[in-house]
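**Q** Coordinates in data38.cif, mmCIF, C-alpha atoms, are listed below.
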data_run
#
loop_
_atom_site.label_atom_id
_atom_site.label_comp_id
_atom_site.auth_asym_id
_atom_site.auth_seq_id
_atom_site.Cartn_x
_atom_site.Cartn_y
_atom_site.Cartn_z
CA MET A 1441 24.23 72.25 15.92
CA ILE A 1442 25.72 75.70 16.31
CA SER A 1443 23.76 78.64 17.75
CA GLU A 1444 21.61 80.89 15.58
CA GLU A 1445 24.04 83.73 16.25
CA GLN A 1446 26.99 81.70 14.99
CA PHE A 1447 24.99 80.45 12.01
CA ASN A 1448 24.18 84.04 11.00
CA LYS A 1449 27.85 84.92 11.30
CA GLU A 1450 28.68 82.05 8.93
CA ILE A 1451 26.17 83.44 6.41
CA GLU A 1452 27.68 86.91 6.68
CA ILE A 1453 31.13 85.48 5.98
CA ILE A 1454 29.81 83.57 2.94
CA VAL A 1455 28.20 86.69 1.48
CA ALA A 1456 31.24 88.90 2.02
CA ASN A 1457 33.67 86.33 0.62
CA ALA A 1458 31.48 85.55 -2.40
CA ILE A 1459 31.16 89.23 -3.30
CA ARG A 1460 34.92 89.66 -2.86
CA GLU A 1461 35.52 86.71 -5.16
CA ASP A 1462 33.03 87.75 -7.85
CA VAL A 1463 33.19 91.55 -7.87
CA GLY A 1464 36.79 92.33 -6.99
CA ASP A 1465 37.46 96.01 -7.71
CA GLY A 1466 34.19 96.45 -9.58
CA ASP A 1467 31.57 95.06 -11.95
CA HIS A 1468 33.14 96.73 -14.96
CA SER A 1469 30.57 95.31 -17.40
CA SER A 1470 27.80 97.22 -15.64
CA LEU A 1471 29.95 100.24 -14.82
CA ALA A 1472 30.85 100.57 -18.50
CA CYS A 1473 27.33 100.79 -19.91
CA ILE A 1474 24.79 101.49 -17.14
CA PRO A 1475 24.57 104.95 -15.48
CA ASP A 1476 25.08 105.11 -11.72
CA ASN A 1477 21.57 106.49 -11.20
CA ALA A 1478 19.78 103.98 -13.47
CA GLU A 1479 17.03 101.96 -11.80
CA GLY A 1480 15.41 98.73 -12.90
CA LYS A 1481 13.40 95.70 -11.90
CA ALA A 1482 14.07 91.98 -12.28
CA LYS A 1483 12.21 88.75 -11.52
CA LEU A 1484 13.47 85.40 -10.25
CA LEU A 1485 12.05 82.98 -12.81
CA VAL A 1486 11.74 79.23 -12.23
CA LYS A 1487 12.53 76.96 -15.20
CA ASP A 1488 12.33 73.68 -13.30
CA GLU A 1489 10.25 71.95 -10.63
CA GLY A 1490 10.95 71.25 -6.98
CA ILE A 1491 11.36 73.02 -3.63
CA ILE A 1492 12.59 76.60 -3.74
CA ALA A 1493 15.29 77.54 -1.25
CA GLY A 1494 17.51 80.56 -0.76
CA VAL A 1495 14.92 83.33 -0.86
CA GLU A 1496 15.97 84.69 2.53
CA PHE A 1497 19.61 84.32 1.56
CA ALA A 1498 18.97 86.30 -1.64
CA LYS A 1499 17.53 89.12 0.44
CA ARG A 1500 20.70 89.20 2.51
CA VAL A 1501 22.83 89.40 -0.64
CA PHE A 1502 20.77 92.19 -2.21
CA HIS A 1503 20.77 94.23 0.99
CA TYR A 1504 24.49 93.65 1.54
CA ILE A 1505 25.15 95.21 -1.86
CA ASP A 1506 22.52 97.93 -1.61
CA LYS A 1507 20.30 98.36 1.43
CA ASP A 1508 17.82 100.35 -0.67
CA LEU A 1509 16.96 97.49 -3.01
CA LYS A 1510 13.33 96.41 -2.63
CA ILE A 1511 12.28 92.76 -2.77
CA GLU A 1512 8.68 91.69 -3.36
CA THR A 1513 8.43 88.06 -2.30
CA LEU A 1514 5.80 85.93 -4.03
CA MET A 1515 6.98 82.48 -2.86
CA GLU A 1516 8.71 81.66 0.43
CA ASP A 1517 11.51 79.19 1.13
CA GLY A 1518 10.12 75.65 1.16
CA SER A 1519 7.40 76.32 -1.43
CA HIS A 1520 6.87 73.83 -4.24
CA VAL A 1521 7.60 75.56 -7.54
CA LYS A 1522 7.11 74.66 -11.18
CA TYR A 1523 8.23 75.97 -14.56
CA GLY A 1524 7.15 79.57 -15.11
CA ASP A 1525 6.69 80.52 -11.46
CA ILE A 1526 8.05 83.87 -10.30
CA VAL A 1527 9.59 83.70 -6.83
CA PHE A 1528 10.28 87.38 -6.25
CA TYR A 1529 10.82 90.76 -7.84
CA VAL A 1530 13.78 92.98 -6.97
CA SER A 1531 13.86 96.66 -7.85
CA GLY A 1532 16.23 99.58 -7.42
CA SER A 1533 19.72 100.32 -8.67
CA SER A 1534 20.34 98.42 -11.90
CA GLN A 1535 24.05 98.18 -11.13
CA ALA A 1536 23.35 96.69 -7.71
CA ILE A 1537 20.91 94.11 -9.10
CA LEU A 1538 23.47 92.97 -11.68
CA LYS A 1539 26.24 92.84 -9.09
CA ALA A 1540 24.17 90.48 -6.95
CA GLU A 1541 22.73 88.41 -9.80
CA ARG A 1542 25.27 85.58 -10.09
CA LEU A 1543 25.72 85.01 -6.36
CA VAL A 1544 21.95 84.91 -5.84
CA LEU A 1545 21.47 82.44 -8.70
CA ASN A 1546 24.41 80.20 -7.79
CA ALA A 1547 23.23 79.93 -4.20
CA MET A 1548 19.53 79.51 -4.89
CA GLN A 1549 20.05 76.93 -7.64
CA ARG A 1550 22.14 74.74 -5.36
CA MET A 1551 20.07 75.31 -2.24
CA SER A 1552 16.87 74.49 -4.14
CA ALA A 1553 18.37 71.27 -5.45
CA ILE A 1554 19.36 70.22 -1.94
CA ALA A 1555 15.96 71.16 -0.49
CA THR A 1556 14.24 69.21 -3.27
CA LYS A 1557 16.28 66.06 -2.68
CA THR A 1558 15.82 66.35 1.08
CA LYS A 1559 12.05 66.65 0.67
CA GLN A 1560 12.08 63.48 -1.47
CA PHE A 1561 13.88 61.59 1.30
CA VAL A 1562 11.59 63.02 3.98
CA ASP A 1563 8.51 61.96 2.00
CA LEU A 1564 9.90 58.44 1.54
CA VAL A 1565 10.08 57.85 5.31
CA GLU A 1566 6.80 59.58 6.16
CA GLY A 1567 4.92 57.84 8.94
CA THR A 1568 7.90 55.89 10.28
CA GLY A 1569 9.07 58.43 12.84
CA THR A 1570 12.58 58.46 11.32
CA LYS A 1571 14.18 61.85 10.69
CA ILE A 1572 16.55 62.69 7.82
CA LEU A 1573 19.98 64.10 8.64
CA ASP A 1574 22.66 65.73 6.52
CA THR A 1575 26.43 65.19 6.98
CA ARG A 1576 29.70 67.14 6.71
CA LYS A 1577 29.99 66.08 3.05
CA THR A 1578 29.38 69.64 1.92
CA THR A 1579 30.97 72.12 -0.47
CA PRO A 1580 33.93 73.83 1.27
CA GLY A 1581 33.11 77.41 2.21
CA ILE A 1582 29.30 77.21 1.87
CA ARG A 1583 28.36 74.54 4.41
CA ALA A 1584 25.95 76.89 6.18
CA LEU A 1585 23.98 77.41 2.97
CA GLU A 1586 23.75 73.70 2.24
CA LYS A 1587 22.67 72.82 5.77
CA TRP A 1588 20.14 75.67 5.65
CA ALA A 1589 18.72 74.12 2.48
CA VAL A 1590 18.37 70.72 4.19
CA LYS A 1591 16.27 72.36 6.91
CA ILE A 1592 14.12 74.08 4.28
CA GLY A 1593 13.53 70.68 2.66
CA GLY A 1594 12.26 69.22 5.94
CA GLY A 1595 15.44 67.48 7.10
CA GLU A 1596 17.48 68.07 10.23
CA ASN A 1597 21.08 69.13 10.65
CA HIS A 1598 23.74 66.79 11.97
CA ARG A 1599 26.73 68.42 13.70
CA PHE A 1600 27.88 71.53 11.88
CA ALA A 1601 31.60 70.83 12.06
CA LEU A 1602 34.29 69.12 14.09
CA TYR A 1603 33.89 71.44 17.06
CA ASP A 1604 30.23 71.17 18.05
CA MET A 1605 29.91 67.43 18.67
CA ILE A 1606 32.11 64.41 19.39
CA MET A 1607 31.82 61.73 16.73
CA LEU A 1608 34.01 58.67 17.17
CA LYS A 1609 34.20 56.85 13.86
CA ASP A 1610 36.11 53.75 12.81
CA ASN A 1611 39.48 55.51 12.44
CA HIS A 1612 39.18 57.22 15.83
CA ILE A 1613 38.38 53.87 17.42
CA ASP A 1614 41.21 52.02 15.67
CA PHE A 1615 43.78 54.74 16.39
CA SER A 1616 42.71 54.77 20.05
CA GLY A 1617 42.96 51.01 20.50
CA GLY A 1618 39.26 50.18 20.61
CA ILE A 1619 35.86 51.53 21.59
CA THR A 1620 36.33 51.39 25.36
CA LYS A 1621 39.70 53.18 25.25
CA ALA A 1622 38.35 55.79 22.81
CA LEU A 1623 35.36 56.50 25.04
CA ASN A 1624 37.38 56.63 28.25
CA LYS A 1625 39.81 59.09 26.68
CA THR A 1626 36.95 61.15 25.27
CA LYS A 1627 35.14 61.43 28.60
CA ALA A 1628 38.37 62.40 30.33
CA TYR A 1629 39.09 65.03 27.66
CA LEU A 1630 35.63 66.57 28.02
CA LYS A 1631 36.01 66.72 31.79
CA GLU A 1632 39.52 68.21 31.64
CA THR A 1633 38.52 70.86 29.08
CA ASN A 1634 35.13 71.55 30.70
CA ARG A 1635 33.28 70.95 27.45
CA ASP A 1636 29.68 69.79 27.21
CA LEU A 1637 29.57 67.98 23.86
CA LYS A 1638 27.32 65.11 22.86
CA ILE A 1639 29.03 61.85 21.89
CA ILE A 1640 28.16 59.76 18.84
CA VAL A 1641 29.97 56.46 18.27
CA GLU A 1642 30.06 54.41 15.10
CA ALA A 1643 29.45 50.67 15.36
CA ARG A 1644 30.55 48.22 12.67
CA ASN A 1645 28.86 45.13 14.08
CA LEU A 1646 26.53 43.96 16.83
CA GLU A 1647 29.40 43.22 19.21
CA GLU A 1648 30.51 46.86 18.99
CA ILE A 1649 26.92 47.97 19.67
CA GLN A 1650 27.02 46.10 22.98
CA GLU A 1651 30.46 47.45 23.88
CA ILE A 1652 29.28 51.01 23.29
CA LEU A 1653 26.25 50.43 25.51
CA ASP A 1654 28.41 48.92 28.25
CA ASN A 1655 30.41 52.14 28.43
CA LYS A 1656 27.31 54.35 28.84
CA GLY A 1657 27.16 58.12 28.32
CA VAL A 1658 26.71 57.96 24.52
CA TYR A 1659 24.12 60.24 22.92
CA ARG A 1660 23.67 58.32 19.68
CA ILE A 1661 25.00 55.16 18.05
CA LEU A 1662 25.80 55.27 14.35
CA ILE A 1663 24.74 51.93 12.87
CA ASP A 1664 26.98 52.06 9.83
CA ASN A 1665 26.69 49.84 6.76
CA PHE A 1666 24.43 47.27 8.45
CA ASN A 1667 21.94 45.22 6.44
CA TYR A 1668 18.23 45.35 7.30
CA GLU A 1669 18.27 42.30 9.58
CA ASN A 1670 21.21 43.46 11.66
CA THR A 1671 19.85 47.01 11.80
CA ARG A 1672 16.65 45.65 13.38
CA LYS A 1673 18.73 43.61 15.82
CA ALA A 1674 20.83 46.66 16.70
CA VAL A 1675 17.73 48.78 17.35
CA ALA A 1676 16.35 46.05 19.61
CA ILE A 1677 19.62 45.79 21.56
CA ILE A 1678 19.90 49.55 22.00
CA GLY A 1679 16.28 50.04 23.01
CA ASP A 1680 15.87 53.31 24.91
CA SER A 1681 19.51 53.49 26.03
CA CYS A 1682 20.33 56.14 23.41
CA LEU A 1683 19.32 57.37 19.96
CA THR A 1684 20.06 55.46 16.76
CA GLU A 1685 21.27 56.54 13.34
CA SER A 1686 21.67 54.50 10.15
CA SER A 1687 24.07 55.47 7.39
CA GLY A 1688 26.17 54.03 4.62
CA GLY A 1689 25.03 54.04 1.01
CA ILE A 1690 21.35 54.41 1.83
CA ASN A 1691 19.43 55.67 -1.21
CA GLU A 1692 15.91 56.28 -2.51
CA LYS A 1693 15.35 52.54 -3.02
CA THR A 1694 16.48 51.43 0.43
CA ILE A 1695 15.69 54.33 2.75
CA ARG A 1696 12.13 53.25 3.57
CA LYS A 1697 13.24 49.76 4.59
CA TYR A 1698 15.92 51.17 6.89
CA ALA A 1699 13.41 53.57 8.43
CA GLU A 1700 11.07 50.63 9.06
CA CYS A 1701 13.85 49.00 11.10
CA GLY A 1702 13.02 51.59 13.77
CA VAL A 1703 16.05 53.91 13.68
CA ASP A 1704 15.61 57.47 14.94
CA TYR A 1705 17.69 59.02 12.17
CA ILE A 1706 19.05 58.25 8.72
CA SER A 1707 21.99 60.36 7.56
CA SER A 1708 22.86 60.83 3.92
CA GLY A 1709 25.76 62.63 2.29
CA ALA A 1710 23.87 62.47 -1.01
CA LEU A 1711 21.62 65.32 0.16
CA THR A 1712 24.49 67.73 -0.37
CA HIS A 1713 27.08 66.02 -2.56
CA SER A 1714 24.91 64.48 -5.29
CA VAL A 1715 22.40 67.03 -6.55
CA TYR A 1716 21.75 68.81 -9.86
CA ASN A 1717 21.13 72.53 -9.60
CA MET A 1718 17.60 73.78 -10.13
CA ASP A 1719 17.28 75.90 -13.29
CA LEU A 1720 16.56 79.51 -12.25
CA SER A 1721 17.03 82.86 -14.01
CA LEU A 1722 17.02 86.51 -12.97
CA LYS A 1723 15.38 88.43 -15.80
CA ALA A 1724 14.90 92.16 -16.29
CA VAL A 1725 11.27 93.25 -16.54
#
As structure tokens, what does this structure read like?
**A**
Amino acid sequence: MISEEQFNKEIEIIVANAIREDVGDGDHSSLACIPDNAEGKAKLLVKDEGIIAGVEFAKRVFHYIDKDLKIETLMEDGSHVKYGDIVFYVSGSSQAILKAERLVLNAMQRMSAIATKTKQFVDLVEGTGTKILDTRKTTPGIRALEKWAVKIGGGENHRFALYDMIMLKDNHIDFSGGITKALNKTKAYLKETNRDLKIIVEARNLEEIQEILDNKGVYRILIDNFNYENTRKAVAIIGDSCLTESSGGINEKTIRKYAECGVDYISSGALTHSVYNMDLSLKAV
């Protein structure tokens, strides 16, 4: 994953771009009917159930718009919430609160949905030692928010993007002429460019598992679209040589069985691409 410094920079970019997109040259609805010096208070109201996420992000948005806004936090990121709960109060400039409202809600509704789904997956593999990973199947422009939500839900982050880890998948392997050629070229590239990046390689069958192991130097093997029996065989073959990751259509019904095969990680794009936003409102009080 990327550094904390780089992650924070990604969040800053998201906030600035979202405000640019939503506010433009001004919130004319508020400017038209609310005095500049008017002050108010609003509450973040939960109308759903699950894991709340995005509280810290909301603070960044409010303070980006008006550093004098005050936030009273009642529930932290990662808390289980139910209908009627109040997550926080925000008070100060009424215009500033309204300017931030939609961005805060859009982000928190989606982040909470992702955190809730992640927590469901984490609970389903409890006791197996398997960790839940996200993927790059994220919404363009807000990847940092979605990966943040996965962490809040108890999951772990896979690589952030194309630049922070080497991941040789089926197309890389086929375009390179096979696993051995792809790995030889990759190791040479890393040496020539003086880069220290971990290498993950996708395997499509047990023969490819062995070929990857024969080449050494791989951080993790992606056991992709294997059935339970072959996943167990793959884990046995790999042993302690490197880490293991299962992926490929794994869902709530199958995830426990894959975890019981002994893999270190299970990655799921569904954590970020197949969720329904949590119902939240920002209401004046």
**Q** Expand the PyMOL selection byres ((chain A and resi 1684) around 9) into the explicit residue set it covers here, and present it as a compact mmCIF listing (two decimals) with C-alpha atoms, keeping the file's coordinate frame.
**A**
# COMPACT_ATOMS: atom_id res chain seq x y z
CA TYR A 1659 24.12 60.24 22.92
CA ARG A 1660 23.67 58.32 19.68
CA ILE A 1661 25.00 55.16 18.05
CA LEU A 1662 25.80 55.27 14.35
CA ILE A 1663 24.74 51.93 12.87
CA ALA A 1674 20.83 46.66 16.70
CA VAL A 1675 17.73 48.78 17.35
CA ILE A 1678 19.90 49.55 22.00
CA CYS A 1682 20.33 56.14 23.41
CA LEU A 1683 19.32 57.37 19.96
CA GLU A 1685 21.27 56.54 13.34
CA SER A 1686 21.67 54.50 10.15
CA GLY A 1702 13.02 51.59 13.77
CA VAL A 1703 16.05 53.91 13.68
CA ASP A 1704 15.61 57.47 14.94
CA TYR A 1705 17.69 59.02 12.17
CA ILE A 1706 19.05 58.25 8.72
**Q** Just the residues within 12 Å of region 1499-1501 of chain A, please, counting all atoms listed in the file, with nothing from its chain fewer than 5 positions along; format it as a PyMOL selection string.
**A** chain A and resi 1448+1451-1459+1493-1494+1506-1513+1516-1517+1528-1531+1536-1548
**Q** Go through A:Lys1487, A:Lys1621, A:Gly1595, A:Glu1445 one by one, measure the shortest atom-to-atom distance of each to Asp1563 (chain A) using all atoms listed in the file, and give the residue with the smallest value.
**A**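 For Asp1563 (chain A), the nearest of the candidates is A:Gly1595.
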**Q** For Pro1580 (chain A), find every residue with an atom within 12 Å (counting all atoms listed in the file), except residues of its own chain fewer than 3 positions away, and show them as an MDAnalysis selection string.
**A** chainID A and resid 1454 1576:1577 1583:1586 1601 1712:1713
**Q** Tell me which protein, DNA and RNA residues are within 10 Å of Lys1723 (chain A), counting all atoms listed in the file, leaving out same-chain ones fewer than 2 positions away, and put them as a ChimeraX atom specification.
**A** /A:1481-1485,1529,1541,1720-1721,1725
**Q** Identify, on the basis of only C-alpha atoms, every residue whose closest approach to Met1718 (chain A) does not exceed 7 Å; exclude the query and any residue fewer than 6 positions from it along the same chain; express the result as a PyMOL selection string.
**A** chain A and resi 1488+1549-1550+1552-1553
**Q** Evaluated on this file, the PyMOL selection byres ((chain A and resi 1441) around 8) picks out some residues - which ones are they, written as a PyMOL selection string?
**A** chain A and resi 1442-1443+1597-1600+1604-1605
**Q** What's the separation between CA of Ile1554 (chain A) and CA of Ala1589 (chain A), in Å to one decimal place?
**A**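 So the two atoms, CA of Ile1554 (chain A) and CA of Ala1589 (chain A), lie 5.9 Å apart.
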**Q** At the level of N, CA, C and O atoms, write region 1458-1483 of chain A to a file as an mmCIF file, in the first residue's frame, please.
**A**
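Result written to out15.cif:
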data_model
loop_
_atom_site.group_PDB
_atom_site.id
_atom_site.type_symbol
_atom_site.label_atom_id
_atom_site.label_comp_id
_atom_site.auth_asym_id
_atom_site.auth_seq_id
_atom_site.Cartn_x
_atom_site.Cartn_y
_atom_site.Cartn_z
ATOM 1 N N ALA A 1458 -14.095 17.386 -5.403
ATOM 2 C CA ALA A 1458 -15.537 17.222 -5.168
ATOM 3 C C ALA A 1458 -16.208 18.569 -4.906
ATOM 4 O O ALA A 1458 -17.325 18.816 -5.380
ATOM 5 N N ILE A 1459 -15.542 19.444 -4.157
ATOM 6 C CA ILE A 1459 -16.096 20.773 -3.909
ATOM 7 C C ILE A 1459 -16.124 21.576 -5.200
ATOM 8 O O ILE A 1459 -17.099 22.282 -5.503
ATOM 9 N N ARG A 1460 -15.065 21.458 -6.004
ATOM 10 C CA ARG A 1460 -15.050 22.133 -7.304
ATOM 11 C C ARG A 1460 -16.228 21.690 -8.153
ATOM 12 O O ARG A 1460 -16.932 22.503 -8.756
ATOM 13 N N GLU A 1461 -16.458 20.385 -8.182
ATOM 14 C CA GLU A 1461 -17.524 19.817 -8.994
ATOM 15 C C GLU A 1461 -18.911 20.252 -8.505
ATOM 16 O O GLU A 1461 -19.796 20.561 -9.310
ATOM 17 N N ASP A 1462 -19.100 20.297 -7.199
ATOM 18 C CA ASP A 1462 -20.433 20.517 -6.642
ATOM 19 C C ASP A 1462 -20.771 21.985 -6.418
ATOM 20 O O ASP A 1462 -21.926 22.381 -6.559
ATOM 21 N N VAL A 1463 -19.779 22.788 -6.067
ATOM 22 C CA VAL A 1463 -20.045 24.175 -5.694
ATOM 23 C C VAL A 1463 -19.812 25.154 -6.847
ATOM 24 O O VAL A 1463 -20.557 26.136 -7.007
ATOM 25 N N GLY A 1464 -18.806 24.865 -7.671
ATOM 26 C CA GLY A 1464 -18.547 25.772 -8.793
ATOM 27 C C GLY A 1464 -18.272 27.184 -8.303
ATOM 28 O O GLY A 1464 -17.444 27.403 -7.431
ATOM 29 N N ASP A 1465 -19.006 28.177 -8.849
ATOM 30 C CA ASP A 1465 -18.776 29.563 -8.444
ATOM 31 C C ASP A 1465 -19.649 29.983 -7.272
ATOM 32 O O ASP A 1465 -19.714 31.159 -6.919
ATOM 33 N N GLY A 1466 -20.323 29.023 -6.640
ATOM 34 C CA GLY A 1466 -21.064 29.357 -5.429
ATOM 35 C C GLY A 1466 -22.314 28.521 -5.232
ATOM 36 O O GLY A 1466 -22.932 28.071 -6.195
ATOM 37 N N ASP A 1467 -22.672 28.318 -3.969
ATOM 38 C CA ASP A 1467 -23.931 27.654 -3.615
ATOM 39 C C ASP A 1467 -25.022 28.714 -3.639
ATOM 40 O O ASP A 1467 -25.371 29.293 -2.614
ATOM 41 N N HIS A 1468 -25.571 28.967 -4.809
ATOM 42 C CA HIS A 1468 -26.486 30.097 -4.974
ATOM 43 C C HIS A 1468 -27.813 29.892 -4.256
ATOM 44 O O HIS A 1468 -28.489 30.871 -3.919
ATOM 45 N N SER A 1469 -28.191 28.645 -3.996
ATOM 46 C CA SER A 1469 -29.416 28.396 -3.227
ATOM 47 C C SER A 1469 -29.284 28.975 -1.826
ATOM 48 O O SER A 1469 -30.193 29.651 -1.322
ATOM 49 N N SER A 1470 -28.139 28.697 -1.187
ATOM 50 C CA SER A 1470 -27.907 29.216 0.161
ATOM 51 C C SER A 1470 -27.612 30.709 0.140
ATOM 52 O O SER A 1470 -28.105 31.459 0.991
ATOM 53 N N LEU A 1471 -26.813 31.133 -0.825
ATOM 54 C CA LEU A 1471 -26.467 32.554 -0.917
ATOM 55 C C LEU A 1471 -27.710 33.417 -1.118
ATOM 56 O O LEU A 1471 -27.769 34.568 -0.652
ATOM 57 N N ALA A 1472 -28.717 32.863 -1.789
ATOM 58 C CA ALA A 1472 -29.914 33.629 -2.103
ATOM 59 C C ALA A 1472 -30.816 33.875 -0.902
ATOM 60 O O ALA A 1472 -31.514 34.893 -0.855
ATOM 61 N N CYS A 1473 -30.805 32.960 0.081
ATOM 62 C CA CYS A 1473 -31.808 33.081 1.146
ATOM 63 C C CYS A 1473 -31.267 32.998 2.563
ATOM 64 O O CYS A 1473 -32.043 33.135 3.525
ATOM 65 N N ILE A 1474 -29.971 32.773 2.733
ATOM 66 C CA ILE A 1474 -29.398 32.676 4.080
ATOM 67 C C ILE A 1474 -28.324 33.744 4.246
ATOM 68 O O ILE A 1474 -27.375 33.805 3.454
ATOM 69 N N PRO A 1475 -28.434 34.598 5.258
ATOM 70 C CA PRO A 1475 -27.447 35.666 5.477
ATOM 71 C C PRO A 1475 -26.044 35.101 5.715
ATOM 72 O O PRO A 1475 -25.892 33.998 6.263
ATOM 73 N N ASP A 1476 -25.034 35.856 5.323
ATOM 74 C CA ASP A 1476 -23.650 35.428 5.481
ATOM 75 C C ASP A 1476 -23.298 35.111 6.929
ATOM 76 O O ASP A 1476 -22.487 34.221 7.204
ATOM 77 N N ASN A 1477 -23.896 35.866 7.856
ATOM 78 C CA ASN A 1477 -23.529 35.710 9.272
ATOM 79 C C ASN A 1477 -24.444 34.755 10.030
ATOM 80 O O ASN A 1477 -24.321 34.600 11.244
ATOM 81 N N ALA A 1478 -25.364 34.084 9.330
ATOM 82 C CA ALA A 1478 -26.285 33.159 9.987
ATOM 83 C C ALA A 1478 -25.541 31.919 10.467
ATOM 84 O O ALA A 1478 -24.684 31.387 9.760
ATOM 85 N N GLU A 1479 -25.883 31.468 11.672
ATOM 86 C CA GLU A 1479 -25.271 30.250 12.212
ATOM 87 C C GLU A 1479 -26.347 29.224 12.531
ATOM 88 O O GLU A 1479 -27.494 29.573 12.815
ATOM 89 N N GLY A 1480 -25.977 27.959 12.452
ATOM 90 C CA GLY A 1480 -26.932 26.895 12.688
ATOM 91 C C GLY A 1480 -26.252 25.641 13.179
ATOM 92 O O GLY A 1480 -25.031 25.593 13.373
ATOM 93 N N LYS A 1481 -27.064 24.614 13.363
ATOM 94 C CA LYS A 1481 -26.564 23.327 13.842
ATOM 95 C C LYS A 1481 -27.306 22.217 13.120
ATOM 96 O O LYS A 1481 -28.503 22.336 12.844
ATOM 97 N N ALA A 1482 -26.594 21.143 12.785
ATOM 98 C CA ALA A 1482 -27.219 20.016 12.094
ATOM 99 C C ALA A 1482 -26.704 18.715 12.693
ATOM 100 O O ALA A 1482 -25.622 18.670 13.295
ATOM 101 N N LYS A 1483 -27.474 17.644 12.512
ATOM 102 C CA LYS A 1483 -27.087 16.329 13.014
ATOM 103 C C LYS A 1483 -27.012 15.339 11.867
ATOM 104 O O LYS A 1483 -27.772 15.445 10.896
#
